[in-house]
>>> print(open('entry.pdb').read())   # PDB, C-alpha atoms and all ligand atoms
ATOM      1  CA  MET A  24      -8.932  -4.408   9.877
ATOM      2  CA  HIS A  25      -7.221  -1.434   8.269
ATOM      3  CA  SER A  26      -3.513  -1.497   7.848
ATOM      4  CA  VAL A  27      -2.154   0.883  10.421
ATOM      5  CA  ARG A  28       0.305   2.199   7.847
ATOM      6  CA  SER A  29      -2.453   3.194   5.462
ATOM      7  CA  ILE A  30      -3.863   5.816   7.787
ATOM      8  CA  HIS A  31      -0.592   7.067   9.198
ATOM      9  CA  PRO A  32      -0.467  10.718   8.137
ATOM     10  CA  THR A  33       2.592  12.430   6.804
ATOM     11  CA  PHE A  34       4.208  14.113   9.750
ATOM     12  CA  THR A  35       5.759  17.495   9.727
ATOM     13  CA  CYS A  36       6.270  19.946  12.517
ATOM     14  CA  GLN A  37       3.224  21.870  11.365
ATOM     15  CA  TRP A  38       0.953  18.900  10.958
ATOM     16  CA  GLY A  39      -2.011  18.632  13.190
ATOM     17  CA  TRP A  40      -5.176  20.201  14.348
ATOM     18  CA  LEU A  41      -3.420  22.096  17.092
ATOM     19  CA  TYR A  42      -0.852  24.079  15.167
ATOM     20  CA  THR A  43      -0.873  27.695  16.356
ATOM     21  CA  PRO A  44       1.040  30.330  14.412
ATOM     22  CA  GLY A  45       3.663  31.893  16.659
ATOM     23  CA  GLY A  46       3.526  29.166  19.260
ATOM     24  CA  LYS A  47       6.575  27.014  19.781
ATOM     25  CA  THR A  48       6.220  23.399  18.729
ATOM     26  CA  ALA A  49       8.379  20.378  19.431
ATOM     27  CA  VAL A  50       8.050  16.774  18.332
ATOM     28  CA  ALA A  51       9.244  13.380  19.477
ATOM     29  CA  GLU A  52       9.413  10.602  16.921
ATOM     30  CA  ILE A  53       8.578   7.437  18.849
ATOM     31  CA  ARG A  54      10.211   4.116  18.034
ATOM     32  CA  GLY A  55       9.579   0.760  19.661
ATOM     33  CA  GLY A  56      12.424  -1.077  21.340
ATOM     34  CA  PRO A  57      13.094  -4.815  21.491
ATOM     35  CA  LEU A  58       9.951  -5.578  23.535
ATOM     36  CA  ALA A  59       7.606  -3.915  21.011
ATOM     37  CA  PRO A  60       9.418  -3.182  17.743
ATOM     38  CA  GLU A  61       6.153  -2.480  15.897
ATOM     39  CA  ILE A  62       5.492   0.718  17.809
ATOM     40  CA  SER A  63       5.967   3.938  15.926
ATOM     41  CA  GLY A  64       4.442   7.371  16.062
ATOM     42  CA  THR A  65       4.782  11.012  16.911
ATOM     43  CA  VAL A  66       4.086  13.155  19.940
ATOM     44  CA  TRP A  67       3.630  16.898  19.379
ATOM     45  CA  PHE A  68       3.970  19.628  21.984
ATOM     46  CA  HIS A  69       2.409  22.995  21.219
ATOM     47  CA  ASP A  70       2.747  26.091  23.368
ATOM     48  CA  THR A  71      -0.646  27.456  24.194
ATOM     49  CA  VAL A  72      -1.969  29.970  26.695
ATOM     50  CA  GLY A  73      -0.873  28.924  30.187
ATOM     51  CA  GLY A  74       0.721  25.652  29.208
ATOM     52  CA  THR A  75       1.151  23.092  26.495
ATOM     53  CA  TRP A  76      -1.177  21.114  24.326
ATOM     54  CA  VAL A  77       0.147  17.583  23.836
ATOM     55  CA  SER A  78      -1.069  15.314  21.071
ATOM     56  CA  ALA A  79       0.045  11.806  20.275
ATOM     57  CA  TYR A  80      -0.471   9.517  17.318
ATOM     58  CA  ILE A  81       0.955   6.061  18.008
ATOM     59  CA  THR A  82       0.604   2.851  16.006
ATOM     60  CA  GLY A  83       1.772  -0.712  16.526
ATOM     61  CA  LEU A  84       0.872  -0.942  20.201
ATOM     62  CA  PRO A  85       0.341  -4.452  21.608
ATOM     63  CA  ASP A  86      -3.220  -5.601  22.181
ATOM     64  CA  TYR A  87      -4.619  -5.344  25.682
ATOM     65  CA  GLN A  88      -4.150  -8.440  27.834
ATOM     66  CA  PRO A  89      -5.924  -8.742  31.162
ATOM     67  CA  ALA A  90      -3.945  -9.147  34.344
ATOM     68  CA  GLN A  91      -2.890 -12.682  35.264
ATOM     69  CA  PRO A  92      -2.214 -13.854  38.804
ATOM     70  CA  GLY A  93       0.939 -12.069  39.876
ATOM     71  CA  GLN A  94       1.208 -10.136  36.618
ATOM     72  CA  SER A  95       0.029  -6.696  35.583
ATOM     73  CA  PRO A  96      -2.202  -6.249  32.551
ATOM     74  CA  ILE A  97      -0.547  -5.372  29.239
ATOM     75  CA  GLY A  98      -2.046  -1.959  28.497
ATOM     76  CA  PRO A  99      -3.427   0.593  28.751
ATOM     77  CA  PHE A 100       0.093   1.868  28.426
ATOM     78  CA  GLY A 101       1.865   4.147  30.866
ATOM     79  CA  PHE A 102       3.045   7.302  29.114
ATOM     80  CA  HIS A 103       5.465   9.838  30.584
ATOM     81  CA  LEU A 104       8.160  12.410  30.071
ATOM     82  CA  HIS A 105      11.467  11.122  31.360
ATOM     83  CA  GLU A 106      14.458  13.188  32.405
ATOM     84  CA  TYR A 107      17.086  12.409  29.799
ATOM     85  CA  GLY A 108      16.867  12.496  26.030
ATOM     86  CA  ASN A 109      18.683   9.212  25.658
ATOM     87  CA  CYS A 110      16.924   6.333  23.874
ATOM     88  CA  GLU A 111      19.828   3.884  23.990
ATOM     89  CA  ILE A 112      18.335   0.426  24.360
ATOM     90  CA  GLY A 113      20.798  -0.959  26.888
ATOM     91  CA  ASP A 114      19.481  -4.244  28.332
ATOM     92  CA  PRO A 115      17.063  -5.711  25.725
ATOM     93  CA  GLU A 116      15.052  -7.377  28.503
ATOM     94  CA  ASN A 117      14.666  -4.088  30.360
ATOM     95  CA  PRO A 118      15.319  -1.396  27.782
ATOM     96  CA  PHE A 119      15.572   2.401  27.744
ATOM     97  CA  LEU A 120      16.776   2.859  31.305
ATOM     98  CA  ALA A 121      19.142   5.553  30.024
ATOM     99  CA  ALA A 122      16.150   7.905  29.795
ATOM    100  CA  GLY A 123      16.191   8.090  33.597
ATOM    101  CA  GLY A 124      13.188   8.570  35.847
ATOM    102  CA  HIS A 125      10.136  10.718  35.386
ATOM    103  CA  TRP A 126      10.758  14.369  34.726
ATOM    104  CA  ASN A 127       9.718  15.898  38.039
ATOM    105  CA  PRO A 128      11.244  19.368  38.383
ATOM    106  CA  THR A 129       9.048  20.452  41.286
ATOM    107  CA  GLY A 130       9.571  17.375  43.488
ATOM    108  CA  GLN A 131       5.955  16.214  43.412
ATOM    109  CA  PRO A 132       4.735  12.720  44.314
ATOM    110  CA  HIS A 133       4.029  10.419  41.406
ATOM    111  CA  GLY A 134       0.608  11.135  39.983
ATOM    112  CA  ASN A 135       1.492  14.815  39.977
ATOM    113  CA  HIS A 136       4.857  14.846  38.211
ATOM    114  CA  ALA A 137       5.157  17.382  35.415
ATOM    115  CA  GLY A 138       5.950  14.376  33.236
ATOM    116  CA  ASP A 139       2.908  12.285  34.220
ATOM    117  CA  PHE A 140       0.644  11.827  31.203
ATOM    118  CA  PRO A 141      -2.636   9.972  30.639
ATOM    119  CA  VAL A 142      -2.318   6.326  29.624
ATOM    120  CA  LEU A 143      -2.506   5.223  25.991
ATOM    121  CA  PHE A 144      -5.303   2.848  24.971
ATOM    122  CA  SER A 145      -4.599   0.492  22.067
ATOM    123  CA  ASN A 146      -7.357   0.310  19.440
ATOM    124  CA  HIS A 147      -6.123  -2.429  17.135
ATOM    125  CA  GLY A 148      -2.697  -1.010  17.873
ATOM    126  CA  ILE A 149      -3.593   2.649  17.383
ATOM    127  CA  SER A 150      -3.721   5.304  20.063
ATOM    128  CA  ILE A 151      -4.670   8.922  19.458
ATOM    129  CA  LEU A 152      -4.574  11.193  22.476
ATOM    130  CA  SER A 153      -4.709  14.928  23.054
ATOM    131  CA  PHE A 154      -4.575  16.794  26.349
ATOM    132  CA  PHE A 155      -3.609  20.085  27.956
ATOM    133  CA  THR A 156      -1.065  20.474  30.747
ATOM    134  CA  ASP A 157      -0.133  23.590  32.710
ATOM    135  CA  ARG A 158       3.016  21.932  34.112
ATOM    136  CA  PHE A 159       5.446  23.133  31.434
ATOM    137  CA  GLN A 160       6.009  25.148  28.304
ATOM    138  CA  VAL A 161       7.640  23.626  25.263
ATOM    139  CA  ASP A 162      11.053  25.203  25.932
ATOM    140  CA  GLU A 163      11.424  23.250  29.179
ATOM    141  CA  ILE A 164      11.082  19.807  27.657
ATOM    142  CA  ILE A 165      13.260  19.961  24.564
ATOM    143  CA  GLY A 166      15.914  17.277  24.786
ATOM    144  CA  ARG A 167      13.944  15.105  27.218
ATOM    145  CA  ALA A 168      12.403  11.730  26.372
ATOM    146  CA  VAL A 169       8.903  10.364  25.918
ATOM    147  CA  ILE A 170       8.516   6.779  27.149
ATOM    148  CA  ILE A 171       5.688   4.285  26.599
ATOM    149  CA  HIS A 172       5.469   1.497  29.203
ATOM    150  CA  GLU A 173       4.151  -2.042  29.050
ATOM    151  CA  ASN A 174       1.645  -1.716  31.906
ATOM    152  CA  PRO A 175      -0.876   0.876  33.035
ATOM    153  CA  ASP A 176       0.155   3.646  35.341
ATOM    154  CA  ASP A 177      -1.640   3.431  38.699
ATOM    155  CA  TYR A 178      -0.839   7.121  39.450
ATOM    156  CA  ARG A 179       0.036   6.355  43.040
ATOM    157  CA  SER A 180       2.894   3.843  43.375
ATOM    158  CA  GLN A 181       6.170   5.697  43.909
ATOM    159  CA  PRO A 182       8.165   6.769  42.055
ATOM    160  CA  SER A 183       6.868   5.610  38.696
ATOM    161  CA  GLY A 184       3.305   4.300  38.974
ATOM    162  CA  ASN A 185       4.206   0.628  38.630
ATOM    163  CA  ALA A 186       4.019   0.973  34.839
ATOM    164  CA  GLY A 187       6.545  -1.748  34.118
ATOM    165  CA  ARG A 188       9.078  -2.081  31.375
ATOM    166  CA  ARG A 189       9.704   0.488  28.675
ATOM    167  CA  LEU A 190       8.359  -0.388  25.239
ATOM    168  CA  ALA A 191       9.183   2.700  23.223
ATOM    169  CA  CYS A 192      11.161   5.926  23.404
ATOM    170  CA  GLY A 193      11.473   9.213  21.562
ATOM    171  CA  ILE A 194      13.589  12.329  22.082
ATOM    172  CA  ILE A 195      11.867  15.707  22.026
ATOM    173  CA  ALA A 196      13.259  18.065  19.417
ATOM    174  CA  ALA A 197      12.285  21.669  18.713
ATOM    175  CA  CYS A 198      10.639  22.472  15.417
ATOM    176  CA  PRO A 199      12.318  25.178  13.366
TER     177      PRO A 199
HETATM  178 CU    CU A 201       7.673   6.389  32.400
END
>>> encode(input="entry.pdb", output="structure tokens")
Amino acid sequence: MHSVRSIHPTFTCQWGWLYTPGGKTAVAEIRGGPLAPEISGTVWFHDTVGGTWVSAYITGLPDYQPAQPGQSPIGPFGFHLHEYGNCEIGDPENPFLAAGGHWNPTGQPHGNHAGDFPVLFSNHGISILSFFTDRFQVDEIIGRAVIIHENPDDYRSQPSGNAGRRLACGIIAACP
């Protein structure tokens, strides 16, 4: 197996296959908390026509573990925008609650929150994901948080998709 570090690219605000001259870009540097300290990575947000192109490069994710009786599977990992750009750990058994709930400016049910993202699949710890959303432009999400959860999002349980505890957090910052 490759070392995850060996293929981790050098990150700058203009890194990536999606960089568009003139478009606003923001990044969140993701760091694992006490439940998954190995997690690290970057999520980019690029303004594009009619919305935002989001791309994530995450390493150090736990391996998938099937559901056990009475317990959710570990992975694929719930992935969302949360309201507050605060990655204080707080309770190490239930960290990152300071980031608040899902960012949901239009009062939608869960599954249709502006901050609802696809899940992250771990491939020997690595997840690379890219998607388009028309729910926001980059300016609206600066200063909010990206959260990675321990369990998959079911996209229907309210208010947060039953995605479990919070493994990692990053605050979204505008690129110069
Ligand atoms: Cu979340």
>>> residues_near_ligand(input="entry.pdb", ligand="ligand CU 201 (chain A)", cutoff="6 Å", atoms="all atoms listed in the file", output="list of chain:residue names")
A:Phe102, A:His103, A:His125, A:Ile170
>>> resolve_selection(input="entry.pdb", expression="the PyMOL selection byres (((chain A and resi 142) around 7) and not hetatm)", output="ChimeraX atom specification")
/A:99-102,140-141,143-144,175-176
>>> write_last_selection(input="entry.pdb", atoms="C-alpha atoms", output="mmCIF file, in the coordinates of the input")
data_model
loop_
_atom_site.group_PDB
_atom_site.id
_atom_site.type_symbol
_atom_site.label_atom_id
_atom_site.label_comp_id
_atom_site.auth_asym_id
_atom_site.auth_seq_id
_atom_site.Cartn_x
_atom_site.Cartn_y
_atom_site.Cartn_z
ATOM 1 C CA PRO A 99 -3.427 0.593 28.751
ATOM 2 C CA PHE A 100 0.093 1.868 28.426
ATOM 3 C CA GLY A 101 1.865 4.147 30.866
ATOM 4 C CA PHE A 102 3.045 7.302 29.114
ATOM 5 C CA PHE A 140 0.644 11.827 31.203
ATOM 6 C CA PRO A 141 -2.636 9.972 30.639
ATOM 7 C CA LEU A 143 -2.506 5.223 25.991
ATOM 8 C CA PHE A 144 -5.303 2.848 24.971
ATOM 9 C CA PRO A 175 -0.876 0.876 33.035
ATOM 10 C CA ASP A 176 0.155 3.646 35.341
#
>>> resolve_selection(input="entry.pdb", expression="the PyMOL selection byres (((chain A and resi 42-59) around 9) and not hetatm)", output="PyMOL selection string")
chain A and resi 35-41+60-71+81+83-85+112+115-119+160-162+164-165+168-171+173+188-199
>>> closest_residue(input="entry.pdb", among="A:Gly166, A:Gly98, A:Gly108, A:Pro132", to="A:Ala186", atoms="all atoms listed in the file")
A:Gly98
>>> atom_distance(input="entry.pdb", atom1="atom CA of A:His147", atom2="atom CA of A:Cys110")
25.6 Å
>>> closest_residue(input="entry.pdb", among="A:Pro182, A:Gly73, A:Gly187, A:Pro92", to="A:Gly130", atoms="only C-alpha atoms")
A:Pro182
>>> closest_residue(input="entry.pdb", among="A:Ser183, A:His172, A:Asn109, A:Ser95", to="A:His136", atoms="only C-alpha atoms")
A:Ser183
>>> axis_aligned_box(input="entry.pdb", around="stretch 88-106 of chain A", padding_each_side="5 Å", output="JSON")
{"center_x": 4.3, "center_y": -0.3, "center_z": 33.9, "size_x": 30.4, "size_y": 37.0, "size_z": 22.0}
>>> atom_distance(input="entry.pdb", atom1="atom CA of A:Val72", atom2="atom CA of A:Asp157")
9.0 Å
>>> closest_residue(input="entry.pdb", among="A:Gly123, A:Gly113, A:Pro128, A:Gly184", to="A:Arg158", atoms="only C-alpha atoms")
A:Pro128
>>> resolve_selection(input="entry.pdb", expression="the PyMOL selection byres (((chain A and resi 126) around 7) and not hetatm)", output="PyMOL selection string")
chain A and resi 104-106+124-125+127-128+136-138
>>> write_last_selection(input="entry.pdb", atoms="C-alpha atoms", output="PDB file, in the coordinates of the input")
ATOM      1  CA  LEU A 104       8.160  12.410  30.071  1.00  0.00           C
ATOM      2  CA  HIS A 105      11.467  11.122  31.360  1.00  0.00           C
ATOM      3  CA  GLU A 106      14.458  13.188  32.405  1.00  0.00           C
ATOM      4  CA  GLY A 124      13.188   8.570  35.847  1.00  0.00           C
ATOM      5  CA  HIS A 125      10.136  10.718  35.386  1.00  0.00           C
ATOM      6  CA  ASN A 127       9.718  15.898  38.039  1.00  0.00           C
ATOM      7  CA  PRO A 128      11.244  19.368  38.383  1.00  0.00           C
ATOM      8  CA  HIS A 136       4.857  14.846  38.211  1.00  0.00           C
ATOM      9  CA  ALA A 137       5.157  17.382  35.415  1.00  0.00           C
ATOM     10  CA  GLY A 138       5.950  14.376  33.236  1.00  0.00           C
TER      11      GLY A 138
END
>>> atom_distance(input="entry.pdb", atom1="atom CA of A:Glu111", atom2="atom CA of A:Thr82")
20.8 Å
>>> closest_residue(input="entry.pdb", among="A:Thr129, A:Thr75, A:Asn135, A:Gln88", to="A:Asn174", atoms="only C-alpha atoms")
A:Gln88
